[in-house]
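**Student:** Below you'll find my_file32.txt; it's compact mmCIF, C-alpha atoms and all ligand atoms.
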```txt
# COMPACT_ATOMS: atom_id res chain seq x y z
CA MET G 1 157.38 -6.77 298.10
CA THR G 2 158.12 -9.21 295.37
CA GLY G 3 160.05 -8.10 292.32
CA GLY G 4 159.75 -4.93 290.24
CA MET G 5 155.99 -5.04 289.66
CA ALA G 6 155.43 -3.53 293.12
CA ASN G 7 156.40 -0.04 291.92
CA MET G 8 154.37 0.10 288.70
CA ILE G 9 152.30 3.25 288.13
CA ASP G 10 148.93 1.95 286.95
CA GLY G 11 147.73 4.33 284.23
CA ARG G 12 144.48 2.45 283.69
CA ALA G 13 143.54 2.79 287.37
CA LEU G 14 144.45 6.50 287.38
CA ALA G 15 142.37 7.02 284.24
CA ALA G 16 139.38 5.20 285.76
CA GLU G 17 139.66 7.34 288.90
CA GLU G 18 139.79 10.54 286.80
CA ARG G 19 136.80 9.41 284.70
CA ARG G 20 134.71 9.01 287.86
CA VAL G 21 135.54 12.58 288.90
CA LEU G 22 134.75 13.86 285.40
CA GLY G 23 131.45 11.95 285.28
CA ASP G 24 130.36 13.82 288.43
CA ARG G 25 131.35 17.17 286.89
CA VAL G 26 129.41 16.36 283.69
CA ALA G 27 126.39 15.36 285.79
CA SER G 28 126.51 18.56 287.82
CA LEU G 29 126.56 20.63 284.62
CA ALA G 30 123.66 18.54 283.30
CA ALA G 31 121.73 19.28 286.51
CA GLN G 32 122.03 22.97 285.55
CA GLY G 33 120.66 22.14 282.10
CA ARG G 34 124.09 22.28 280.47
CA GLN G 35 125.08 19.49 278.12
CA VAL G 36 128.83 18.83 277.80
CA ARG G 37 129.77 18.05 274.22
CA LEU G 38 132.85 17.26 272.15
CA ASP G 39 133.01 17.95 268.41
CA ALA G 40 135.60 16.08 266.37
CA ILE G 41 136.73 16.45 262.79
CA LEU G 42 137.74 13.34 260.89
CA THR G 43 139.06 13.06 257.35
CA GLU G 44 137.51 10.02 255.67
CA GLY G 45 139.62 7.09 254.54
CA ASP G 46 142.12 6.47 257.35
CA ALA G 47 141.27 3.25 259.22
CA GLY G 48 143.45 4.11 262.24
CA ALA G 49 141.85 7.52 262.72
CA GLU G 50 138.36 6.01 262.31
CA ILE G 51 139.04 3.46 265.07
CA TYR G 52 140.45 6.20 267.30
CA ALA G 53 137.31 8.30 266.68
CA GLN G 54 135.04 5.39 267.63
CA ARG G 55 136.99 4.91 270.86
CA GLN G 56 136.81 8.60 271.58
CA ARG G 57 133.05 8.51 271.12
CA ALA G 58 132.67 5.54 273.49
CA GLY G 59 134.89 7.18 276.13
CA ALA G 60 132.99 10.47 275.95
CA GLU G 61 129.49 8.98 275.91
CA GLN G 62 130.30 6.81 278.93
CA LEU G 63 130.69 10.06 280.92
CA GLY G 64 127.52 11.61 279.50
CA ILE G 65 129.44 13.82 277.02
CA LYS G 66 127.72 14.17 273.62
CA PHE G 67 130.07 13.39 270.74
CA HIS G 68 129.51 15.00 267.33
CA LEU G 69 131.67 13.74 264.47
CA HIS G 70 132.14 15.93 261.38
CA THR G 71 133.62 14.07 258.43
CA ILE G 72 135.60 15.69 255.66
CA PRO G 73 136.05 14.05 252.25
CA GLN G 74 139.53 12.73 251.52
CA ASP G 75 139.88 15.07 248.52
CA ALA G 76 138.77 18.24 250.36
CA ASP G 77 140.87 21.40 249.91
CA GLU G 78 142.17 23.72 252.62
CA ALA G 79 139.22 26.12 252.28
CA THR G 80 136.78 23.30 253.07
CA VAL G 81 138.68 22.32 256.22
CA PHE G 82 138.93 25.97 257.32
CA ALA G 83 135.19 26.41 256.76
CA CYS G 84 134.47 23.43 259.01
CA ILE G 85 136.68 24.86 261.79
CA GLN G 86 135.16 28.32 261.42
CA GLY G 87 131.65 26.90 261.63
CA LEU G 88 132.51 25.20 264.92
CA ASN G 89 134.30 28.32 266.23
CA ALA G 90 131.18 30.38 265.59
CA ASP G 91 128.68 27.89 267.07
CA PRO G 92 127.92 28.77 270.71
CA GLN G 93 126.72 25.18 271.31
CA VAL G 94 130.27 23.95 270.61
CA HIS G 95 132.74 24.45 273.44
CA ALA G 96 135.31 21.72 272.72
CA MET G 97 136.81 20.46 269.47
CA MET G 98 139.52 18.13 268.31
CA MET G 99 140.86 17.15 264.91
CA PHE G 100 142.07 13.71 263.92
CA LEU G 101 145.11 13.45 261.66
CA PRO G 102 145.88 12.85 258.86
CA LEU G 103 144.13 15.73 257.05
CA PRO G 104 143.46 15.60 253.29
CA GLU G 105 146.61 15.55 251.21
CA GLY G 106 148.16 18.99 250.81
CA VAL G 107 146.36 20.50 253.82
CA GLU G 108 148.92 21.69 256.39
CA PRO G 109 147.89 20.64 259.96
CA GLU G 110 149.66 23.54 261.68
CA ARG G 111 147.79 26.18 259.66
CA ILE G 112 144.47 24.56 260.49
CA GLN G 113 145.30 24.01 264.17
CA ALA G 114 146.14 27.71 264.54
CA ALA G 115 142.59 28.53 263.35
CA ILE G 116 140.88 26.61 266.18
CA ASP G 117 139.36 28.93 268.81
CA PRO G 118 141.88 28.64 271.71
CA HIS G 119 139.02 28.32 274.22
CA LYS G 120 137.69 25.26 272.37
CA ASP G 121 141.09 23.73 271.56
CA VAL G 122 141.02 20.72 273.92
CA GLU G 123 144.12 19.15 272.34
CA GLY G 124 146.12 22.32 273.04
CA VAL G 125 147.39 22.53 269.46
CA ASN G 126 146.80 26.25 268.84
CA PRO G 127 150.13 28.02 269.56
CA ALA G 128 148.19 30.63 271.58
CA ASN G 129 147.52 27.99 274.22
CA ILE G 130 151.14 27.01 274.70
CA GLY G 131 152.04 30.71 274.73
CA ASN G 132 149.54 31.39 277.50
CA ALA G 133 150.89 28.40 279.42
CA VAL G 134 154.40 29.93 279.24
CA PHE G 135 153.02 33.09 280.85
CA GLY G 136 151.20 31.06 283.50
CA ARG G 137 147.77 32.11 282.25
CA ARG G 138 144.82 29.77 282.13
CA SER G 139 144.96 27.74 278.93
CA LEU G 140 144.30 24.31 277.42
CA VAL G 141 147.56 22.32 277.45
CA PRO G 142 148.39 19.22 275.34
CA CYS G 143 146.95 16.12 277.01
CA THR G 144 150.13 14.03 277.13
CA ALA G 145 151.89 16.71 279.18
CA LEU G 146 148.87 16.95 281.49
CA ALA G 147 148.97 13.16 281.86
CA VAL G 148 152.65 13.13 282.88
CA ARG G 149 152.11 15.87 285.46
CA HIS G 150 148.95 14.16 286.78
CA MET G 151 150.81 10.85 287.21
CA LEU G 152 153.63 12.53 289.13
CA GLU G 153 151.16 14.44 291.32
CA ARG G 154 149.10 11.34 292.10
CA ARG G 155 152.33 9.57 292.94
CA GLY G 156 152.97 12.28 295.54
CA VAL G 157 156.09 13.66 293.82
CA ASP G 158 156.60 17.27 294.94
CA LEU G 159 158.28 18.71 291.86
CA CYS G 160 159.58 21.93 293.41
CA GLY G 161 163.39 21.85 293.23
CA VAL G 162 163.48 18.30 291.86
CA ARG G 163 165.88 17.43 289.02
CA CYS G 164 163.77 16.16 286.09
CA LEU G 165 165.05 14.85 282.77
CA VAL G 166 162.74 15.13 279.74
CA VAL G 167 163.98 13.14 276.75
CA GLY G 168 162.49 14.52 273.52
CA GLN G 169 161.73 18.09 272.49
CA SER G 170 158.83 17.88 270.06
CA ASN G 171 156.31 20.73 270.04
CA ILE G 172 153.38 18.55 271.01
CA VAL G 173 154.99 16.19 273.55
CA GLY G 174 158.50 16.95 274.89
CA LYS G 175 158.36 20.76 275.09
CA PRO G 176 154.94 20.95 276.78
CA ILE G 177 156.05 18.34 279.36
CA ALA G 178 159.18 20.38 280.14
CA LEU G 179 157.07 23.54 280.39
CA LEU G 180 154.59 22.07 282.87
CA LEU G 181 157.44 20.78 285.04
CA MET G 182 159.01 24.27 284.99
CA ARG G 183 155.65 25.69 286.03
CA SER G 184 155.89 23.42 289.08
CA GLU G 185 159.37 24.90 289.85
CA ALA G 186 161.24 21.71 288.95
CA THR G 187 164.84 21.85 287.68
CA VAL G 188 164.32 20.64 284.13
CA PHE G 189 166.83 19.14 281.71
CA SER G 190 165.33 19.05 278.23
CA VAL G 191 167.41 16.83 275.92
CA ASN G 192 167.35 15.52 272.36
CA ARG G 193 169.09 13.06 270.06
CA PHE G 194 172.23 15.23 269.97
CA THR G 195 172.70 15.47 273.75
CA LYS G 196 176.03 14.01 274.91
CA ASP G 197 176.54 11.67 277.88
CA LEU G 198 172.82 11.19 278.48
CA PRO G 199 173.12 8.24 280.91
CA ASP G 200 175.45 10.29 283.16
CA LEU G 201 173.03 13.22 283.21
CA ALA G 202 170.04 10.93 283.72
CA ARG G 203 171.65 9.31 286.78
CA THR G 204 171.66 12.72 288.53
CA CYS G 205 167.87 13.07 288.12
CA ASP G 206 165.05 12.07 290.47
CA VAL G 207 162.48 11.99 287.67
CA VAL G 208 163.15 10.63 284.16
CA ILE G 209 160.51 11.10 281.43
CA SER G 210 161.15 9.58 278.04
CA ALA G 211 159.29 10.83 274.97
CA ALA G 212 161.78 9.94 272.23
CA GLY G 213 160.05 7.12 270.37
CA VAL G 214 163.12 4.85 270.63
CA PRO G 215 162.53 1.34 272.01
CA GLY G 216 165.12 0.24 274.56
CA LEU G 217 166.58 3.74 274.95
CA VAL G 218 166.33 4.00 278.74
CA THR G 219 168.33 1.25 280.48
CA PRO G 220 169.10 0.65 284.17
CA GLU G 221 172.42 2.50 283.84
CA TRP G 222 170.41 5.72 283.31
CA ILE G 223 168.54 5.42 286.58
CA LYS G 224 169.36 6.79 290.01
CA PRO G 225 168.15 4.27 292.61
CA GLY G 226 164.63 5.19 293.71
CA ALA G 227 163.97 7.59 290.80
CA THR G 228 160.51 7.91 289.21
CA VAL G 229 160.40 6.92 285.53
CA ILE G 230 157.57 7.89 283.17
CA ASP G 231 157.59 6.23 279.75
CA VAL G 232 155.74 8.27 277.11
CA GLY G 233 157.06 6.34 274.09
CA ILE G 234 154.72 4.28 271.92
CA ASN G 235 156.67 2.04 269.56
CA ARG G 236 155.47 -0.91 267.52
CA ILE G 237 158.12 -3.61 267.33
CA GLN G 238 158.24 -7.17 266.09
CA GLY G 239 158.68 -9.65 268.95
CA PRO G 240 160.65 -12.93 268.82
CA ASP G 241 157.32 -14.68 268.10
CA GLY G 242 157.01 -12.65 264.87
CA LYS G 243 153.97 -10.76 266.22
CA SER G 244 153.94 -7.00 266.58
CA HIS G 245 153.91 -5.51 270.10
CA VAL G 246 153.63 -2.03 271.54
CA VAL G 247 156.53 -1.02 273.77
CA GLY G 248 157.74 2.26 275.22
CA ASP G 249 161.25 3.76 275.34
CA VAL G 250 162.19 2.15 278.66
CA GLU G 251 163.50 -1.36 279.33
CA THR G 252 160.73 -1.69 281.88
CA THR G 253 161.54 -4.97 283.62
CA GLU G 254 165.23 -4.16 284.14
CA VAL G 255 164.67 -0.49 285.05
CA ALA G 256 161.98 -1.48 287.59
CA GLU G 257 164.72 -3.17 289.63
CA VAL G 258 166.44 0.20 290.18
CA ALA G 259 163.62 2.79 289.96
CA GLY G 260 161.32 3.70 292.83
CA ALA G 261 158.33 3.85 290.50
CA ILE G 262 157.81 3.30 286.79
CA SER G 263 154.93 3.65 284.35
CA PRO G 264 154.58 0.73 281.91
CA VAL G 265 153.66 0.70 278.21
CA PRO G 266 150.92 -0.18 277.49
CA GLY G 267 148.79 0.81 280.49
CA GLY G 268 150.73 3.89 281.61
CA VAL G 269 150.67 7.37 280.06
CA GLY G 270 148.32 6.35 277.20
CA PRO G 271 145.06 5.86 279.14
CA VAL G 272 145.76 8.89 281.35
CA THR G 273 146.25 11.02 278.20
CA VAL G 274 142.78 10.01 276.96
CA ALA G 275 141.32 10.94 280.36
CA MET G 276 143.10 14.33 280.26
CA LEU G 277 141.51 15.14 276.90
CA LEU G 278 138.10 14.56 278.49
CA ARG G 279 139.17 16.70 281.45
CA ASN G 280 139.96 19.53 279.00
CA VAL G 281 136.50 19.03 277.45
CA VAL G 282 134.79 19.32 280.84
CA GLU G 283 136.89 22.34 281.77
CA SER G 284 136.10 24.15 278.54
CA ALA G 285 132.40 23.43 279.12
CA GLU G 286 132.60 24.79 282.68
CA GLN G 287 134.38 27.91 281.41
CA ALA G 288 131.94 28.43 278.54
CA THR G 289 129.01 28.23 280.92
CA GLY G 290 130.64 30.30 283.65
CA GLY G 291 131.02 27.24 285.90
P1 LIG W 1 159.22 13.21 267.58
O1 LIG W 1 159.86 12.21 266.68
O2 LIG W 1 158.53 14.39 267.04
O3 LIG W 1 160.31 13.73 268.62
C1 LIG W 1 161.24 12.86 269.22
C2 LIG W 1 162.20 13.66 270.09
O4 LIG W 1 163.05 12.72 270.73
C3 LIG W 1 163.12 14.62 269.33
O5 LIG W 1 163.31 15.79 270.07
C4 LIG W 1 164.44 13.83 269.22
O6 LIG W 1 165.59 14.66 269.17
C5 LIG W 1 164.40 13.04 270.51
N1 LIG W 1 165.18 11.80 270.40
C6 LIG W 1 165.10 10.85 269.43
N2 LIG W 1 165.99 9.89 269.63
C7 LIG W 1 166.68 10.23 270.75
C8 LIG W 1 167.77 9.63 271.44
N3 LIG W 1 168.33 8.50 271.02
N4 LIG W 1 168.22 10.25 272.56
C9 LIG W 1 167.66 11.40 272.98
N5 LIG W 1 166.64 12.01 272.36
C10 LIG W 1 166.16 11.43 271.24
O7 LIG W 1 158.21 12.32 268.47
P2 LIG W 1 156.93 12.80 269.35
O8 LIG W 1 155.78 13.07 268.47
O9 LIG W 1 157.36 13.81 270.34
O10 LIG W 1 156.63 11.42 270.11
C11 LIG W 1 157.58 10.85 270.98
C12 LIG W 1 157.07 9.50 271.45
O11 LIG W 1 155.90 9.69 272.26
C13 LIG W 1 156.63 8.57 270.32
O12 LIG W 1 156.95 7.24 270.67
C14 LIG W 1 155.13 8.75 270.27
O13 LIG W 1 154.47 7.62 269.74
C15 LIG W 1 154.84 8.91 271.74
N6 LIG W 1 153.58 9.61 272.06
C16 LIG W 1 152.88 9.15 273.12
C17 LIG W 1 151.71 9.76 273.51
C18 LIG W 1 150.96 9.22 274.69
O14 LIG W 1 149.88 9.68 275.00
N7 LIG W 1 151.49 8.26 275.43
C19 LIG W 1 151.23 10.87 272.81
C20 LIG W 1 151.97 11.35 271.73
C21 LIG W 1 153.15 10.71 271.37
```
Kindly return the structure encoded in the file as structure tokens.
Ligand code: NAD
**Tutor:**
Amino acid sequence: MTGGMANMIDGRALAAEERRVLGDRVASLAAQGRQVRLDAILTEGDAGAEIYAQRQRAGAEQLGIKFHLHTIPQDADEATVFACIQGLNADPQVHAMMMFLPLPEGVEPERIQAAIDPHKDVEGVNPANIGNAVFGRRSLVPCTALAVRHMLERRGVDLCGVRCLVVGQSNIVGKPIALLLMRSEATVFSVNRFTKDLPDLARTCDVVISAAGVPGLVTPEWIKPGATVIDVGINRIQGPDGKSHVVGDVETTEVAEVAGAISPVPGGVGPVTVAMLLRNVVESAEQATGG
């Protein structure tokens, strides 16, 4: 093996593999006359969200999933957004929905997310879904957490009894990751910006997952030789050439010299997260149609 690149976890390849599996599941539903579909809500006027929606459409349609986009005017009030959600909740043709942020000014995302039918909530943003996951019941879980678990599973990491560090405790990223690892009987250390002596704790762990949003946070001195490192961070920084780059939380090149396996940014957790959203869509379709 030559250098650190040998132990990279290729998120794009894992995502492509998952998309092939999902394409077959969509086709088998179609053979029973059942069309898989994803409905998305987009507030007009945000260029980033519009690009993300176009990508989502392309990714879905490639698998044979129909994509319906519902746009909301930038000046809409909360009642308008609620009405859109309630219409989709009530429509039996709709079995999967997602909502791009930002919402119109003054509309609180958490109140709207809680109104999404939990069975159709493919982003796992309704608190009922995370609650059901705590109790080990079937539920739709946030896609980033699913991606991290999928990457570890495909890497052959048996999580039972393994010491795992999760850096970051947000409701939508860090906490769901920690929860899924607990569900796999891992020994989980969930830490935040106030945790003391983080490198010392990290060096006792076989799996290190960073979801802090801090470039350069995880250095080789954090890493037990042979550990698996998953970088969830997405940070835009200005490089020495003056151009902006996307990096994660981990000093990838240096850490790769010590770690057994490491997921890069870009090309790691990101593409797998997109694939996991589509997996949630297919699963909600299978559930809705008794598949
Ligand atoms: P957040 O800001 O809501 O939460 C950050 C968490 O990290 C907090 O719990 C904070 O205490 C902790 N933290 C911050 N600095 C720390 C430090 N120095 N040491 C230890 N802990 C520290 O962020 P978020 O929404 O959870 O997102 C985290 C990162 O994940 C961001 O970079 C975001 O862009 C990225 N993200 C990636 C994906 C993906 O699919 N790859 C999806 C969502 C978010």
**Student:** Within 10 Å of ligand LIG 1 (chain W), counting all atoms listed in the file, which protein or nucleic acid residues do you find, written as an NGL selection string?
**Tutor:** :G and (142-148 or 166-176 or 190-199 or 210-218 or 230-236 or 246-249 or 265-274 or 276)
**Student:** What is the distance between atom CA of G:His150 and atom CA of G:Gln62, in Å to one decimal?
**Tutor:**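 Atom-to-atom, atom CA of G:His150 to atom CA of G:Gln62, that is 21.5 Å.
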**Student:** Using all atoms listed in the file, which of the listed residues (G:Pro102, G:Ala49, G:Ile65, G:Ala79) sits closest to G:Ala115?
**Tutor:**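 Of all the options, G:Ala79 lies closest to G:Ala115.
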**Student:** So, counting only C-alpha atoms, which residue among G:Val258, G:Val162, G:Met98, G:Ile41 is closest to G:Lys224?
**Tutor:**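 Closest residue, counting only C-alpha atoms: G:Val258.
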**Student:** Please return as a ChimeraX atom specification every residue within 10 Å of (130.2, 20.5, 280.3), taking into account only C-alpha atoms and the file's own coordinates.
**Tutor:** /G:22-23,25-30,33-38,64-66,95-96,279-289,291
**Student:** Can you tell me how far atom CA of G:Ser184 sits from atom CA of G:Ala261, in Å to one decimal?
**Tutor:**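 Answer for the atom CA of G:Ser184 to atom CA of G:Ala261 separation: 19.8 Å.
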**Student:** Hey, which of G:Ala227, G:Val122, G:Val157, G:Ile116 ends up closest to G:Ala83? Count all atoms listed in the file.
**Tutor:**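 The answer is G:Ile116, which sits nearest to G:Ala83.
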**Student:** Kindly give the distance, in Å, that separates atom CA of G:Pro104 and atom CA of G:Cys84, rounded to a single decimal.
**Tutor:**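 Going from atom CA of G:Pro104 over to atom CA of G:Cys84, I get 13.2 Å.
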**Student:** List as number ranges by chain the protein and nucleic acid residues near G:Thr252, meaning an atom at most 8 Å away when only C-alpha atoms are counted, but skip any in the same chain fewer than 2 places from it.
**Tutor:** G: 250, 254-256, 262, 264
**Student:** Given the point (138.7, 10.3, 279.4) in the coordinates of this file, which residues lie within 6 Å, counting all atoms listed in the file, and how would they look as a PyMOL selection string?
**Tutor:** chain G and resi 19+59+274-275+278
**Student:** Which residue gives the smallest distance to G:Ala40 among G:Lys120, G:Arg138, G:Arg163, G:Lys243, with only C-alpha atoms counted?
**Tutor:** G:Lys120
**Student:** Could you pull the residues within 10 Å of G:Asn7, counting all atoms listed in the file, minus those fewer than 5 positions along the same chain, as a ChimeraX atom specification?
**Tutor:** /G:1-2,226,228,256-257,259-263
**Student:** Give the answer as one residue: which of G:Asp77, G:Glu123, G:Met151, G:Phe82 has the shortest atom-to-atom distance to G:Gly106, using all atoms listed in the file?
**Tutor:** G:Asp77
**Student:** Given the choices G:Arg137, G:Arg149, G:Arg20, G:Arg111, which gets closest to G:Met182 if the distance is worked out from all atoms listed in the file?
**Tutor:**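 Among the listed residues, the smallest separation from G:Met182 belongs to G:Arg149.
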**Student:** Just so I have it separately, write stretch 248-259 of chain G from the block I sent, keeping all heavy atoms, as an mmCIF file, in the first residue's frame.
**Tutor:**
```cif
data_model
loop_
_atom_site.group_PDB
_atom_site.id
_atom_site.type_symbol
_atom_site.label_atom_id
_atom_site.label_comp_id
_atom_site.auth_asym_id
_atom_site.auth_seq_id
_atom_site.Cartn_x
_atom_site.Cartn_y
_atom_site.Cartn_z
ATOM 1 N N GLY G 248 -13.786 19.209 5.634
ATOM 2 C CA GLY G 248 -14.505 18.682 6.789
ATOM 3 C C GLY G 248 -13.917 19.206 8.095
ATOM 4 O O GLY G 248 -13.370 20.313 8.140
ATOM 5 N N ASP G 249 -14.042 18.412 9.157
ATOM 6 C CA ASP G 249 -13.497 18.769 10.472
ATOM 7 C C ASP G 249 -12.131 18.127 10.704
ATOM 8 O O ASP G 249 -11.459 18.443 11.683
ATOM 9 C CB ASP G 249 -14.423 18.261 11.593
ATOM 10 C CG ASP G 249 -15.774 18.942 11.613
ATOM 11 O OD1 ASP G 249 -15.952 19.952 10.908
ATOM 12 O OD2 ASP G 249 -16.666 18.458 12.356
ATOM 13 N N VAL G 250 -11.769 17.174 9.837
ATOM 14 C CA VAL G 250 -10.594 16.337 10.086
ATOM 15 C C VAL G 250 -9.441 16.778 9.187
ATOM 16 O O VAL G 250 -9.652 17.081 8.007
ATOM 17 C CB VAL G 250 -10.945 14.849 9.805
ATOM 18 C CG1 VAL G 250 -9.737 13.949 10.031
ATOM 19 C CG2 VAL G 250 -12.120 14.395 10.668
ATOM 20 N N GLU G 251 -8.234 16.811 9.747
ATOM 21 C CA GLU G 251 -7.028 17.023 8.932
ATOM 22 C C GLU G 251 -6.736 15.718 8.200
ATOM 23 O O GLU G 251 -5.938 14.891 8.645
ATOM 24 C CB GLU G 251 -5.861 17.432 9.820
ATOM 25 C CG GLU G 251 -5.960 18.871 10.280
ATOM 26 C CD GLU G 251 -4.679 19.367 10.931
ATOM 27 O OE1 GLU G 251 -3.747 18.551 11.156
ATOM 28 O OE2 GLU G 251 -4.612 20.554 11.222
ATOM 29 N N THR G 252 -7.413 15.551 7.069
ATOM 30 C CA THR G 252 -7.505 14.227 6.444
ATOM 31 C C THR G 252 -6.145 13.605 6.119
ATOM 32 O O THR G 252 -5.884 12.452 6.474
ATOM 33 C CB THR G 252 -8.350 14.329 5.151
ATOM 34 O OG1 THR G 252 -9.557 15.025 5.477
ATOM 35 C CG2 THR G 252 -8.698 12.968 4.593
ATOM 36 N N THR G 253 -5.288 14.331 5.455
ATOM 37 C CA THR G 253 -4.022 13.751 4.996
ATOM 38 C C THR G 253 -3.193 13.252 6.172
ATOM 39 O O THR G 253 -2.670 12.126 6.155
ATOM 40 C CB THR G 253 -3.224 14.804 4.190
ATOM 41 O OG1 THR G 253 -4.109 15.407 3.255
ATOM 42 C CG2 THR G 253 -2.060 14.171 3.461
ATOM 43 N N GLU G 254 -3.082 14.069 7.219
ATOM 44 C CA GLU G 254 -2.266 13.714 8.380
ATOM 45 C C GLU G 254 -2.910 12.579 9.171
ATOM 46 O O GLU G 254 -2.237 11.636 9.602
ATOM 47 C CB GLU G 254 -2.082 14.937 9.296
ATOM 48 C CG GLU G 254 -1.309 16.099 8.666
ATOM 49 C CD GLU G 254 -2.144 16.968 7.715
ATOM 50 O OE1 GLU G 254 -3.331 16.655 7.483
ATOM 51 O OE2 GLU G 254 -1.588 17.957 7.192
ATOM 52 N N VAL G 255 -4.233 12.662 9.366
ATOM 53 C CA VAL G 255 -4.943 11.639 10.147
ATOM 54 C C VAL G 255 -4.906 10.290 9.424
ATOM 55 O O VAL G 255 -4.817 9.234 10.057
ATOM 56 C CB VAL G 255 -6.391 12.102 10.441
ATOM 57 C CG1 VAL G 255 -7.255 10.949 10.948
ATOM 58 C CG2 VAL G 255 -6.379 13.233 11.476
ATOM 59 N N ALA G 256 -4.914 10.323 8.093
ATOM 60 C CA ALA G 256 -4.896 9.067 7.316
ATOM 61 C C ALA G 256 -3.627 8.257 7.583
ATOM 62 O O ALA G 256 -3.613 7.043 7.383
ATOM 63 C CB ALA G 256 -5.023 9.373 5.825
ATOM 64 N N GLU G 257 -2.581 8.913 8.044
ATOM 65 C CA GLU G 257 -1.335 8.194 8.350
ATOM 66 C C GLU G 257 -1.477 7.327 9.598
ATOM 67 O O GLU G 257 -0.715 6.391 9.799
ATOM 68 C CB GLU G 257 -0.186 9.199 8.573
ATOM 69 C CG GLU G 257 0.115 10.088 7.370
ATOM 70 C CD GLU G 257 0.645 9.293 6.190
ATOM 71 O OE1 GLU G 257 1.399 8.332 6.415
ATOM 72 O OE2 GLU G 257 0.275 9.629 5.047
ATOM 73 N N VAL G 258 -2.421 7.673 10.468
ATOM 74 C CA VAL G 258 -2.586 6.975 11.752
ATOM 75 C C VAL G 258 -3.826 6.069 11.723
ATOM 76 O O VAL G 258 -3.816 4.953 12.242
ATOM 77 C CB VAL G 258 -2.742 7.990 12.918
ATOM 78 C CG1 VAL G 258 -2.693 7.273 14.262
ATOM 79 C CG2 VAL G 258 -1.692 9.089 12.839
ATOM 80 N N ALA G 259 -4.913 6.574 11.111
ATOM 81 C CA ALA G 259 -6.198 5.861 11.132
ATOM 82 C C ALA G 259 -6.137 4.595 10.291
ATOM 83 O O ALA G 259 -5.313 4.471 9.384
ATOM 84 C CB ALA G 259 -7.295 6.785 10.595
#
```
